[in-house]
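Enquirer: Have a look at this one.
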Amino acid sequence: MKRLDTDILVIGGGATGTGIAWDAALRGFKVILVEKRDLTHGTTGRYHGLLHSGGRYVVKDPGSAVECITENRILRKTHAHCIEDTSGFFVVTPEDEGEYPDLFKAACEKCGVPCAEIPVAEALRREPLLNPRISRVFEVPDGAADSFLSTHATAQAAQRVGAQTLVYHEVIALLLEGGDGNRRVAGAQVRNVTTGEEMAIYASMTVNATGAWAGQLAKMAGIRVDVIPGKGTLVAMNHRVVNTVINRCKKPADGDIIVPIHTVAVIGTTDERVTNPEDLRIEPWEVYLMLSEGEKLVPSISKARVVRTWAGVRPLYQEHYSGSSRDATRAFTLLRHNNRDGVQSFLTMTGGKWTTFRLMAEKAVDAACEQIGARKPCVTAETVVPGIEQGHYWLGHRLHEVEDLKLQGELVCECELVTRTMVENAVRRNPLVTLDDLRRDVRLGMGPCQGGFCTYRACGILHELGSKQQADARPPLQVSASDATWEVAYLQSPAHNNGAAAAAPSPLSNQAITVEDANLLLRDFLQERWKGLTPILWAQQLKQERLDELIYLSLLNADHLPDGDRQGPLSTFWQFDTTPNEKTERDHA
């Protein structure tokens, strides 16, 4: 079995895990990060995209609020191109009258969250679709964050200072040494899920950053970690009905926020305690609840086109807590298992939220330094990731570049303005095992057609690229340990991926992609997109899916295309049972 040795092994490829890898590598540690699927496949890639100002927590959880506003200011500098400066409104609807608005304003001042009450007329001028019956409006520095881009950019920053990232490598066992009372985690045995190859990674310190899966990983070391998995369902509307983050000015509850992110507006979210972090089924009542609550912020929003719904599982943690996930703390928790459980060289970081990932990483690496020896102080608050010179994200940047360079004829995905060269360079610069990886890189298939027109085009491009490779290229759709690299700074820019600006191929493009591979990629991606559409099949989206059905089933015969009877890493994901369970129906009357 192949063996790798490192100072710090990070398990989990979400925002926290990549943040830990980045921080540790900057401090001079040798770092390896492993993730069982692609980066952000878990909770990081399944939230509403809010850059918290802390406003949602100032009354109920002031400690978290202070952390949020502090990290908000830092991330606007270190990850500027991943953030849109939308600002945020906390609005008082007729249902929200009472003492909370005054408590909110006072708590913001106490926590250091900038908060200005503005005239309702000014708020309606800026957001004409807002409920005209609102009585008060408070403005805070909320924003919208691209968690896909930020996590990949953090991974690239980590790799630039020596960290190694292994995606599609699943931990199958922790390597344990010693006996009772003197145990230590010496690393992990991992399996490459695309090749079946196993390897042992030995580390001086192993960090569990698996989020909602932290309890499952800790169990491999004989440790009990009771994560509170809180499932949140979100609904994406076809248009940005608002350009400012809109919050209800009340105690956080279901469906009380609308976040404008890229080309859509997201209504969120429910909070249901589940037993399995893979339980991502969407219940009909959850969708209806999001739309009905959204109506209180933007009247008639439920009559607009719903483009998709999805769910993520929050990795909440609170010792000895048995209540609902909605009431569990949003604070992060660092578990030092040497003190807590008598197991050396093992840490768990869980809880928290995307906005505090950098701080969570700092605290985790500080704890690692205590056990294996400090190298350097944390510098991530002053260190920028690749791409920040582009400035804050703005909605029209792709359209501007496409029109300026007359790239309309190069578009593969018209919904999200993805050009052919963007697709090709994403394949060349990043590990590609599924089209879902490509979606996270360039937003392929995330528009109204949900992959209806771009999926077959992208598969054709991949097959064309793969068929040009040498006959001795390695087997298709595999990721080797040395391949997992990211060059993401400009992947989402049509201009920087145009003509001479395109990068030369990297070893990642040296894959022979057969017809069967292309068919498997197409099937899995369409099925994964379909999973988020079944709960919202009505009106315009139903018409869209009927058209997609005619294209792929009636015309292309996609369900009978030969795929060699193989399964891809995404196959097991979309095949998970997502049938609504009416037994979980709640009375929200």
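Each chain in the structure tokens gets a letter, A, B and so on, in the order shown; residues start at 1 in every chain, and ligands are counted from 1 in the order they appear.
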What's the 10 Å shell around Arg46 of chain A, counting only C-alpha atoms, without same-chain residues fewer than 4 positions away, as a list in words?
Expert: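 Listing them by chain and then by number gives Thr40, His41, Gly42, Ser147, Phe148, Gly232, Thr233, Leu234, Trp310, Ala311, Gly312, Val313 and Arg314 of chain A.
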Enquirer: Restricting it to C-alpha atoms, dump the selection as a tab-separated table (two decimals), in the first residue's frame.
Expert:
chain	number	residue	atom	x	y	z
A	40	THR	CA	-17.86	22.02	-1.42
A	41	HIS	CA	-19.96	18.94	-2.18
A	42	GLY	CA	-21.26	19.02	1.38
A	147	SER	CA	-18.95	29.51	-1.54
A	148	PHE	CA	-17.82	27.41	-4.52
A	232	GLY	CA	-32.25	23.39	5.79
A	233	THR	CA	-34.33	23.50	2.62
A	234	LEU	CA	-33.91	26.41	0.22
A	310	TRP	CA	-32.21	21.85	-2.50
A	311	ALA	CA	-31.18	21.09	1.05
A	312	GLY	CA	-28.03	21.16	3.13
A	313	VAL	CA	-27.36	19.87	6.63
A	314	ARG	CA	-25.95	22.23	9.26
Enquirer: Using only C-alpha atoms, find the one residue out of A:Arg375, A:Arg566, A:Arg126, A:His52 that sits nearest to Ile83 of chain A.
Expert: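 Looking at the shortest contact to Ile83 of chain A, the residue is A:His52.
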Enquirer: List the neighbours of His397 of chain A out to 10 Å using only C-alpha atoms; skip same-chain residues closer than 6 positions along the sequence, and give me the result as JSON, numbers by chain.
Expert: {"A": [492, 493, 494, 495]}
Enquirer: Grab the atom CA of Val245 of chain A to atom CA of Ile258 of chain A distance for me, in Å with one decimal place.
Expert: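 One can read the atom CA of Val245 of chain A to atom CA of Ile258 of chain A distance as 5.9 Å.
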Enquirer: Between atom CA of Asn247 of chain A and atom CA of Val91 of chain A, what is the distance in Å, rounded to a tenth?
Expert: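 The value is 6.2 Å.
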Enquirer: In terms of the shortest atom-to-atom distance over only C-alpha atoms, which of A:Gly568, A:Gly373, A:Gly409, A:Gly49 is closest to Pro260 of chain A?
Expert: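 Selected residue with least distance to Pro260 of chain A: A:Gly49.
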Enquirer: Given the choices A:Ala145, A:Leu166, A:Ala304, A:Ala331, which gets closest to Asp61 of chain A if the distance is worked out from only C-alpha atoms?
Expert: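 Result for the nearest residue to Asp61 of chain A: A:Ala331.
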Enquirer: As an MDAnalysis selection string, list the residues of segment 71-120 of chain A assigned to alpha helix (DSSP H) by DSSP on the backbone atoms of this structure.
Expert: chainID A and resid 71:78 100:111 120
Enquirer: Here is a test: counting only C-alpha atoms, which residue of A:Lys363, A:Leu395, A:Glu278, A:Val34 is nearest to Gln189 of chain A?
Expert: A:Val34
Enquirer: Would you mind listing, for every residue of segment 272-390 of chain A within 10 Å of segment 516-538 of chain A, the two atoms forming the shortest contact and the distance between them in Å to one decimal, using only C-alpha atoms, sorted by chain and ascending residue number, as JSON lines?
Expert:
{"residue": "A:Leu280", "atom": "CA", "partner": "A:Lys531", "partner_atom": "CA", "distance": 9.9}
{"residue": "A:Arg281", "atom": "CA", "partner": "A:Lys531", "partner_atom": "CA", "distance": 8.9}
{"residue": "A:Ile282", "atom": "CA", "partner": "A:Pro535", "partner_atom": "CA", "distance": 6.8}
{"residue": "A:Glu283", "atom": "CA", "partner": "A:Pro535", "partner_atom": "CA", "distance": 7.5}
{"residue": "A:Pro284", "atom": "CA", "partner": "A:Pro535", "partner_atom": "CA", "distance": 6.4}
{"residue": "A:Trp285", "atom": "CA", "partner": "A:Pro535", "partner_atom": "CA", "distance": 9.8}
{"residue": "A:Glu286", "atom": "CA", "partner": "A:Pro535", "partner_atom": "CA", "distance": 9.6}
{"residue": "A:Val287", "atom": "CA", "partner": "A:Pro535", "partner_atom": "CA", "distance": 7.5}
{"residue": "A:Tyr288", "atom": "CA", "partner": "A:Ile536", "partner_atom": "CA", "distance": 9.5}
{"residue": "A:Arg305", "atom": "CA", "partner": "A:Trp538", "partner_atom": "CA", "distance": 8.8}
{"residue": "A:Val306", "atom": "CA", "partner": "A:Ile536", "partner_atom": "CA", "distance": 6.8}
{"residue": "A:Val307", "atom": "CA", "partner": "A:Leu533", "partner_atom": "CA", "distance": 7.5}
{"residue": "A:Arg308", "atom": "CA", "partner": "A:Leu533", "partner_atom": "CA", "distance": 5.5}
{"residue": "A:Thr309", "atom": "CA", "partner": "A:Gly532", "partner_atom": "CA", "distance": 5.2}
{"residue": "A:Trp310", "atom": "CA", "partner": "A:Gly532", "partner_atom": "CA", "distance": 5.6}
{"residue": "A:Ala311", "atom": "CA", "partner": "A:Gly532", "partner_atom": "CA", "distance": 8.9}
Enquirer: Of the candidates A:Gly178, A:Gly19, A:Pro299, A:Gly352, which shows the shortest atom-to-atom distance to Cys68 of chain A, using only C-alpha atoms?
Expert: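 Going through A:Gly178, A:Gly19, A:Pro299, A:Gly352 one by one, the smallest distance to Cys68 of chain A is for A:Gly352.
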Enquirer: Nearest to Val515 of chain A among A:His463, A:Arg358, A:Arg420, A:Arg439, with distances taken over only C-alpha atoms: which residue is it?
Expert: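 Distance minimum relative to Val515 of chain A lands on A:His463.
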